[in-house]
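Listing of structure14.cif, mmCIF, C-alpha atoms and all ligand atoms
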```cif
data_input
loop_
_atom_site.group_PDB
_atom_site.id
_atom_site.type_symbol
_atom_site.label_atom_id
_atom_site.label_comp_id
_atom_site.auth_asym_id
_atom_site.auth_seq_id
_atom_site.Cartn_x
_atom_site.Cartn_y
_atom_site.Cartn_z
ATOM 1 C CA MET A 21 -28.219 -18.981 17.280
ATOM 2 C CA LEU A 22 -26.458 -22.045 15.962
ATOM 3 C CA PHE A 23 -22.694 -22.493 16.135
ATOM 4 C CA ILE A 24 -21.392 -24.987 13.565
ATOM 5 C CA THR A 25 -17.745 -26.008 13.140
ATOM 6 C CA LEU A 26 -16.003 -27.994 10.425
ATOM 7 C CA GLU A 27 -13.096 -30.201 11.363
ATOM 8 C CA GLY A 28 -10.901 -32.678 9.566
ATOM 9 C CA PRO A 29 -7.356 -33.673 8.789
ATOM 10 C CA ASP A 30 -5.325 -31.723 6.220
ATOM 11 C CA GLY A 31 -6.557 -32.522 2.719
ATOM 12 C CA SER A 32 -10.094 -33.404 3.804
ATOM 13 C CA GLY A 33 -11.470 -30.836 1.347
ATOM 14 C CA LYS A 34 -13.081 -28.818 4.140
ATOM 15 C CA THR A 35 -12.131 -25.410 2.824
ATOM 16 C CA SER A 36 -13.530 -25.948 -0.686
ATOM 17 C CA GLN A 37 -16.833 -27.304 0.716
ATOM 18 C CA ILE A 38 -17.519 -24.296 2.943
ATOM 19 C CA PRO A 39 -18.550 -21.709 0.300
ATOM 20 C CA LEU A 40 -21.112 -24.123 -1.179
ATOM 21 C CA LEU A 41 -22.471 -25.057 2.240
ATOM 22 C CA ALA A 42 -22.659 -21.379 3.158
ATOM 23 C CA GLY A 43 -24.622 -20.681 -0.025
ATOM 24 C CA ALA A 44 -27.140 -23.396 0.828
ATOM 25 C CA ILE A 45 -27.626 -22.123 4.396
ATOM 26 C CA ARG A 46 -28.206 -18.588 3.116
ATOM 27 C CA ALA A 47 -30.534 -19.822 0.378
ATOM 28 C CA ALA A 48 -32.623 -21.478 3.097
ATOM 29 C CA GLY A 49 -33.108 -18.011 4.596
ATOM 30 C CA TYR A 50 -30.646 -17.984 7.488
ATOM 31 C CA ASP A 51 -28.392 -15.063 8.383
ATOM 32 C CA LEU A 52 -24.931 -16.648 8.322
ATOM 33 C CA VAL A 53 -21.429 -15.620 9.387
ATOM 34 C CA VAL A 54 -18.584 -17.692 7.910
ATOM 35 C CA THR A 55 -15.192 -17.578 9.539
ATOM 36 C CA ARG A 56 -12.045 -19.612 10.042
ATOM 37 C CA GLU A 57 -9.196 -20.448 12.382
ATOM 38 C CA PRO A 58 -6.509 -19.465 12.879
ATOM 39 C CA GLY A 59 -7.542 -15.985 11.793
ATOM 40 C CA GLY A 60 -11.001 -14.579 11.123
ATOM 41 C CA THR A 61 -10.285 -11.165 12.662
ATOM 42 C CA PRO A 62 -7.624 -8.541 11.826
ATOM 43 C CA ILE A 63 -5.681 -9.460 14.990
ATOM 44 C CA GLY A 64 -6.226 -13.184 14.426
ATOM 45 C CA ASP A 65 -5.008 -12.904 10.836
ATOM 46 C CA GLU A 66 -1.794 -11.299 12.083
ATOM 47 C CA VAL A 67 -1.391 -14.091 14.637
ATOM 48 C CA ARG A 68 -1.968 -16.597 11.819
ATOM 49 C CA GLN A 69 0.899 -15.020 9.879
ATOM 50 C CA VAL A 70 3.185 -15.435 12.869
ATOM 51 C CA ILE A 71 2.187 -19.085 13.292
ATOM 52 C CA MET A 72 2.580 -19.898 9.624
ATOM 53 C CA ASP A 73 5.836 -17.992 8.982
ATOM 54 C CA LEU A 74 7.721 -19.282 11.952
ATOM 55 C CA LYS A 75 6.356 -22.795 11.621
ATOM 56 C CA HIS A 76 8.079 -23.121 8.290
ATOM 57 C CA LYS A 77 11.375 -22.027 9.760
ATOM 58 C CA GLY A 78 11.029 -24.541 12.567
ATOM 59 C CA GLN A 79 11.847 -21.948 15.204
ATOM 60 C CA MET A 80 8.640 -21.840 17.175
ATOM 61 C CA HIS A 81 8.414 -23.675 20.466
ATOM 62 C CA PRO A 82 5.323 -25.938 20.615
ATOM 63 C CA THR A 83 4.005 -24.129 23.706
ATOM 64 C CA THR A 84 4.229 -20.797 21.895
ATOM 65 C CA GLU A 85 2.333 -22.227 18.953
ATOM 66 C CA ILE A 86 -0.414 -23.591 21.229
ATOM 67 C CA LEU A 87 -0.842 -20.219 22.920
ATOM 68 C CA LEU A 88 -0.930 -18.351 19.603
ATOM 69 C CA PHE A 89 -3.743 -20.595 18.378
ATOM 70 C CA GLN A 90 -5.628 -19.723 21.580
ATOM 71 C CA ALA A 91 -4.887 -15.995 21.142
ATOM 72 C CA SER A 92 -6.401 -16.056 17.657
ATOM 73 C CA ARG A 93 -9.354 -18.065 19.000
ATOM 74 C CA ALA A 94 -10.042 -15.743 21.939
ATOM 75 C CA GLN A 95 -10.199 -12.770 19.593
ATOM 76 C CA LEU A 96 -12.487 -14.597 17.170
ATOM 77 C CA VAL A 97 -14.871 -15.784 19.901
ATOM 78 C CA ASN A 98 -15.237 -12.329 21.410
ATOM 79 C CA GLU A 99 -15.136 -10.179 18.276
ATOM 80 C CA VAL A 100 -17.107 -12.354 15.858
ATOM 81 C CA ILE A 101 -18.716 -15.549 17.148
ATOM 82 C CA ARG A 102 -20.416 -14.479 20.378
ATOM 83 C CA PRO A 103 -21.835 -11.232 18.904
ATOM 84 C CA ALA A 104 -23.156 -13.112 15.850
ATOM 85 C CA LEU A 105 -24.828 -15.782 17.983
ATOM 86 C CA ALA A 106 -26.293 -13.104 20.259
ATOM 87 C CA ALA A 107 -27.744 -11.408 17.165
ATOM 88 C CA GLY A 108 -29.525 -14.647 16.232
ATOM 89 C CA LYS A 109 -27.179 -15.593 13.385
ATOM 90 C CA VAL A 110 -25.794 -18.948 12.337
ATOM 91 C CA VAL A 111 -21.986 -19.196 12.568
ATOM 92 C CA LEU A 112 -19.982 -21.579 10.396
ATOM 93 C CA CYS A 113 -16.337 -21.840 11.420
ATOM 94 C CA ASP A 114 -13.552 -23.622 9.515
ATOM 95 C CA ARG A 115 -11.738 -25.278 12.471
ATOM 96 C CA TYR A 116 -12.147 -24.441 16.158
ATOM 97 C CA ALA A 117 -11.064 -25.756 19.548
ATOM 98 C CA ASP A 118 -11.206 -29.411 18.461
ATOM 99 C CA SER A 119 -8.298 -28.691 16.082
ATOM 100 C CA THR A 120 -6.116 -27.902 19.100
ATOM 101 C CA LEU A 121 -7.112 -31.161 20.783
ATOM 102 C CA ALA A 122 -6.649 -33.210 17.580
ATOM 103 C CA TYR A 123 -3.413 -31.595 16.317
ATOM 104 C CA GLN A 124 -1.585 -30.462 19.448
ATOM 105 C CA GLY A 125 -3.126 -33.079 21.761
ATOM 106 C CA TYR A 126 -3.348 -36.287 19.770
ATOM 107 C CA GLY A 127 -0.978 -35.316 16.934
ATOM 108 C CA HIS A 128 1.884 -33.725 18.883
ATOM 109 C CA GLN A 129 0.967 -35.588 22.080
ATOM 110 C CA THR A 130 0.673 -32.559 24.349
ATOM 111 C CA ASP A 131 -1.154 -33.241 27.614
ATOM 112 C CA LEU A 132 -4.874 -33.204 26.809
ATOM 113 C CA ALA A 133 -6.042 -32.070 30.248
ATOM 114 C CA ALA A 134 -3.757 -29.022 30.074
ATOM 115 C CA LEU A 135 -4.941 -28.241 26.543
ATOM 116 C CA ARG A 136 -8.585 -28.473 27.598
ATOM 117 C CA GLN A 137 -7.912 -25.902 30.330
ATOM 118 C CA ILE A 138 -6.335 -23.335 28.043
ATOM 119 C CA VAL A 139 -8.984 -23.924 25.378
ATOM 120 C CA GLN A 140 -11.611 -23.310 28.054
ATOM 121 C CA PHE A 141 -9.823 -20.088 29.037
ATOM 122 C CA ALA A 142 -9.551 -18.913 25.416
ATOM 123 C CA THR A 143 -13.160 -19.641 24.487
ATOM 124 C CA GLY A 144 -14.820 -18.842 27.806
ATOM 125 C CA GLY A 145 -16.390 -22.279 27.430
ATOM 126 C CA LEU A 146 -18.145 -21.585 24.119
ATOM 127 C CA THR A 147 -18.720 -25.008 22.517
ATOM 128 C CA PRO A 148 -20.164 -25.646 19.046
ATOM 129 C CA ASP A 149 -23.744 -26.900 18.770
ATOM 130 C CA LEU A 150 -22.775 -29.058 15.797
ATOM 131 C CA THR A 151 -19.357 -30.233 14.589
ATOM 132 C CA LEU A 152 -18.960 -31.790 11.157
ATOM 133 C CA LEU A 153 -15.963 -34.067 10.764
ATOM 134 C CA LEU A 154 -14.735 -34.546 7.200
ATOM 135 C CA ASP A 155 -13.054 -37.863 7.731
ATOM 136 C CA ILE A 156 -10.308 -39.083 5.417
ATOM 137 C CA ASP A 157 -7.480 -41.585 5.677
ATOM 138 C CA ALA A 158 -4.127 -39.889 6.456
ATOM 139 C CA GLU A 159 -2.406 -41.014 3.252
ATOM 140 C CA ALA A 160 -5.378 -40.091 1.067
ATOM 141 C CA GLY A 161 -5.580 -36.644 2.694
ATOM 142 C CA LEU A 162 -1.870 -35.933 2.281
ATOM 143 C CA ARG A 163 -1.904 -37.166 -1.282
ATOM 144 C CA ARG A 164 -4.903 -35.002 -2.076
ATOM 145 C CA ARG A 165 -3.244 -31.961 -0.543
ATOM 146 C CA ALA A 166 -0.073 -32.595 -2.550
ATOM 147 C CA GLY A 167 -2.266 -32.809 -5.668
ATOM 148 C CA ASP A 168 -0.723 -36.182 -6.568
ATOM 149 C CA SER A 169 2.467 -34.333 -7.418
ATOM 150 C CA GLY A 170 6.029 -35.294 -6.564
ATOM 151 C CA GLN A 171 5.509 -33.638 -3.161
ATOM 152 C CA TRP A 172 3.918 -36.857 -1.960
ATOM 153 C CA ASN A 173 7.155 -38.779 -2.449
ATOM 154 C CA ARG A 174 8.997 -36.282 -0.313
ATOM 155 C CA MET A 175 6.611 -36.625 2.619
ATOM 156 C CA ASP A 176 8.307 -38.563 5.331
ATOM 157 C CA ALA A 177 6.924 -41.338 7.485
ATOM 158 C CA TYR A 178 6.779 -38.962 10.469
ATOM 159 C CA GLN A 179 4.254 -36.806 8.667
ATOM 160 C CA VAL A 180 2.028 -39.770 7.842
ATOM 161 C CA GLU A 181 2.219 -41.017 11.440
ATOM 162 C CA PHE A 182 1.349 -37.547 12.739
ATOM 163 C CA HIS A 183 -1.722 -37.334 10.524
ATOM 164 C CA ARG A 184 -2.780 -40.824 11.560
ATOM 165 C CA ARG A 185 -2.735 -39.698 15.182
ATOM 166 C CA VAL A 186 -4.707 -36.544 14.290
ATOM 167 C CA ARG A 187 -7.363 -38.624 12.575
ATOM 168 C CA ALA A 188 -7.538 -41.099 15.465
ATOM 169 C CA GLY A 189 -7.859 -38.088 17.769
ATOM 170 C CA TYR A 190 -10.843 -36.790 15.836
ATOM 171 C CA HIS A 191 -12.455 -40.213 16.076
ATOM 172 C CA ALA A 192 -11.940 -40.238 19.856
ATOM 173 C CA LEU A 193 -13.366 -36.719 20.234
ATOM 174 C CA ALA A 194 -16.396 -37.606 18.089
ATOM 175 C CA ALA A 195 -17.009 -40.833 20.010
ATOM 176 C CA ALA A 196 -16.898 -38.959 23.324
ATOM 177 C CA GLU A 197 -19.603 -36.456 22.277
ATOM 178 C CA PRO A 198 -21.841 -38.202 19.743
ATOM 179 C CA ALA A 199 -24.650 -35.638 20.093
ATOM 180 C CA ARG A 200 -22.390 -32.843 18.859
ATOM 181 C CA TRP A 201 -20.384 -34.600 16.134
ATOM 182 C CA VAL A 202 -21.461 -35.876 12.720
ATOM 183 C CA THR A 203 -18.815 -37.770 10.749
ATOM 184 C CA ILE A 204 -18.887 -37.534 6.961
ATOM 185 C CA HIS A 205 -16.738 -39.777 4.823
ATOM 186 C CA ALA A 206 -14.586 -37.375 2.796
ATOM 187 C CA ASP A 207 -12.747 -39.644 0.361
ATOM 188 C CA ARG A 208 -15.616 -39.358 -2.133
ATOM 189 C CA ASP A 209 -16.941 -37.234 -4.949
ATOM 190 C CA PRO A 210 -17.084 -33.612 -3.648
ATOM 191 C CA ALA A 211 -20.731 -33.276 -4.739
ATOM 192 C CA ALA A 212 -21.736 -36.268 -2.602
ATOM 193 C CA ILE A 213 -19.891 -34.806 0.397
ATOM 194 C CA GLN A 214 -21.609 -31.465 -0.151
ATOM 195 C CA ALA A 215 -25.037 -33.118 -0.330
ATOM 196 C CA ASP A 216 -24.417 -34.829 3.025
ATOM 197 C CA LEU A 217 -23.181 -31.612 4.623
ATOM 198 C CA GLN A 218 -26.255 -29.694 3.483
ATOM 199 C CA GLN A 219 -28.614 -32.409 4.654
ATOM 200 C CA VAL A 220 -27.106 -32.569 8.144
ATOM 201 C CA VAL A 221 -26.956 -28.792 8.603
ATOM 202 C CA LEU A 222 -30.373 -27.950 7.166
ATOM 203 C CA ASP A 223 -32.009 -30.780 9.143
ATOM 204 C CA ARG A 224 -30.453 -29.423 12.313
ATOM 205 C CA LEU A 225 -31.522 -25.857 11.560
ATOM 206 C CA ILE A 226 -35.093 -26.871 10.778
ATOM 207 C CA SER A 227 -35.446 -29.050 13.874
ATOM 208 C CA ARG A 228 -34.268 -26.325 16.257
HETATM 209 P P1 LIG B 1 -4.852 -23.957 7.099
HETATM 210 O O1 LIG B 1 -4.007 -23.427 6.010
HETATM 211 O O2 LIG B 1 -5.997 -23.131 7.584
HETATM 212 O O3 LIG B 1 -5.297 -25.410 6.710
HETATM 213 P P2 LIG B 1 -6.677 -26.164 6.616
HETATM 214 O O4 LIG B 1 -7.225 -25.799 5.272
HETATM 215 O O5 LIG B 1 -6.288 -27.601 6.730
HETATM 216 O O6 LIG B 1 -7.554 -25.718 7.756
HETATM 217 O O7 LIG B 1 -3.868 -24.298 8.285
HETATM 218 C C1 LIG B 1 -4.296 -24.570 9.505
HETATM 219 C C2 LIG B 1 -3.320 -25.573 10.084
HETATM 220 O O8 LIG B 1 -3.191 -25.346 11.477
HETATM 221 C C3 LIG B 1 -3.815 -27.003 9.915
HETATM 222 O O9 LIG B 1 -2.729 -27.868 9.622
HETATM 223 C C4 LIG B 1 -4.351 -27.343 11.282
HETATM 224 C C5 LIG B 1 -3.508 -26.502 12.192
HETATM 225 N N1 LIG B 1 -4.162 -26.124 13.458
HETATM 226 C C6 LIG B 1 -3.625 -26.603 14.637
HETATM 227 O O10 LIG B 1 -2.633 -27.348 14.626
HETATM 228 N N2 LIG B 1 -4.213 -26.249 15.815
HETATM 229 C C7 LIG B 1 -5.294 -25.420 15.881
HETATM 230 O O11 LIG B 1 -5.799 -25.112 16.990
HETATM 231 C C8 LIG B 1 -5.827 -24.919 14.635
HETATM 232 C C9 LIG B 1 -7.013 -24.002 14.645
HETATM 233 C C10 LIG B 1 -5.227 -25.299 13.451
#
```
Spit out the file's structure as structure tokens when you get a sec.
Amino acid sequence: MLFITLEGPDGSGKTSQIPLLAGAIRAAGYDLVVTREPGGTPIGDEVRQVIMDLKHKGQMHPTTEILLFQASRAQLVNEVIRPALAAGKVVLCDRYADSTLAYQGYGHQTDLAALRQIVQFATGGLTPDLTLLLDIDAEAGLRRRAGDSGQWNRMDAYQVEFHRRVRAGYHALAAAEPARWVTIHADRDPAAIQADLQQVVLDRLISR
């Protein structure tokens, strides 16, 4: 009945905010399904393993990776998201099609028009009603993910540049569809971020 996605660069704190947001939506009386990408189904979780394992070994061709993300997504849309929406539920998904456009499109600079076509094929055109962008500066996000450990020093300039492009991509996507996107500044106290998330989502649910 309402399809909500969370997007943001790595280290935006998205994943730790979701359980609290889910609790608030349920407490307000809505039937909620929480899921994530890549994964969210038994088949999708296996595809996720393939993406993650091979990515670390640097063996996977970028086209293969793009198609695997879409394979996981197609399964999730058809097995979980569409049935839940048809049953009148709220769906909250940690990443969705916009991650492909931001990461593979803007980040890795794959042709956006081609990506939009395969995303359309994978999702059957299912678009979120509301997309929350947890927006954080590339360096701050990477540092947060590294937990301010020595890992940060080992991150090369390429990685920072990549995450800058991803963030700029999110900004472009949000600017192109302002009715769907709400941007939340994520380099703040987690409780303040959570309060904003709950306000946006509950307002939207009430005003439906
Ligand atoms: P994950 O461990 O789920 O990280 P996060 O908590 O940041 O969501 O890893 C997902 C990674 O895959 C993340 O770096 C974003 C990337 N990704 C893409 O590049 N394209 C996609 O279509 C999706 C869904 C994710």
Ligand LIG 1 (chain B) neighbours within 6 Å using all atoms listed in the file, as a ChimeraX atom specification: /A:30,35,57-58,89,115-117,119-120,123-124
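Between atom CA of A:Tyr190 and atom CA of A:Asp114 there is a distance of 14.9 Å.
Restricting the calculation to all atoms listed in the file, the smallest distance between A:Leu135 and any of A:Leu162, A:Tyr178, A:Thr83, A:Gly108 is found for A:Thr83.
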Record the distance separating atom CA of A:Glu159 and atom CA of A:Gly78, expressed in Å with one decimal.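 Computed distance, atom CA of A:Glu159 to atom CA of A:Gly78, equals 23.2 Å.
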Determine the residue membership of the PyMOL selection byres (((chain A and resi 189) around 9) and not hetatm) for the file above and supply it as a list in words. Leu121, Ala122, Tyr123, Gly125, Tyr126, Gly127, Arg184, Arg185, Val186, Arg187, Ala188, Tyr190, His191, Ala192, Leu193 and Ala194 of chain A
Specify as a list in words each residue included when the PyMOL selection byres (((chain A and resi 92-101) around 8) and not hetatm) is applied to this file. Glu57, Pro58, Gly59, Gly60, Thr61, Ile63, Gly64, Asp65, Val67, Arg68, Leu88, Phe89, Gln90, Ala91, Arg102, Pro103, Ala104, Leu105, Val111, Tyr116, Ala117, Ala142, Thr143 and Leu146 of chain A
Just checking: using all atoms listed in the file, which residue out of A:Ile226, A:Ala215, A:Ala206, A:Leu150 ends up closest to A:Ala44?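 Checking each candidate against A:Ala44, we get A:Ala215 as the closest.
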In Å, how far is it from atom CA of A:Ser36 to atom CA of A:Pro148?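 These atoms are spaced 20.8 Å apart.
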Pick from A:Asp118, A:Asp207, A:Glu27, A:Asp216, whichever lies nearest to A:Arg164 using all atoms listed in the file: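 Using all atoms listed in the file, the shortest distance to A:Arg164 belongs to A:Asp207.
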Residues near stretch 196-204 of chain A, cut-off 12 Å, all atoms listed in the file, skip fewer than 4 positions along chain, as a VMD selection string: chain A and resid 22 to 28 32 to 34 118 147 to 156 187 189 to 192 208 210 212 to 221 224
To box stretch 92-95 of chain A, take all atoms listed in the file, fit an axis-aligned box, add 3 Å on each side, and give centre and edge lengths in Å to one decimal, as JSON.
```
{"center_x": -8.3, "center_y": -15.4, "center_z": 19.8, "size_x": 9.8, "size_y": 11.3, "size_z": 10.3}
```
Shortest interatomic distance to A:Leu222 - which of A:Arg46, A:Met21, A:Ala106, A:Gly31, counting all atoms listed in the file: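 Among A:Arg46, A:Met21, A:Ala106, A:Gly31, it is A:Arg46 that comes nearest to A:Leu222.
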Under the rule that all atoms listed in the file are counted, which of A:Gly167, A:Gly144, A:Pro39, A:Pro82 is the nearest residue to A:Arg56?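 Nearest candidate to A:Arg56 out of A:Gly167, A:Gly144, A:Pro39, A:Pro82: A:Pro39.
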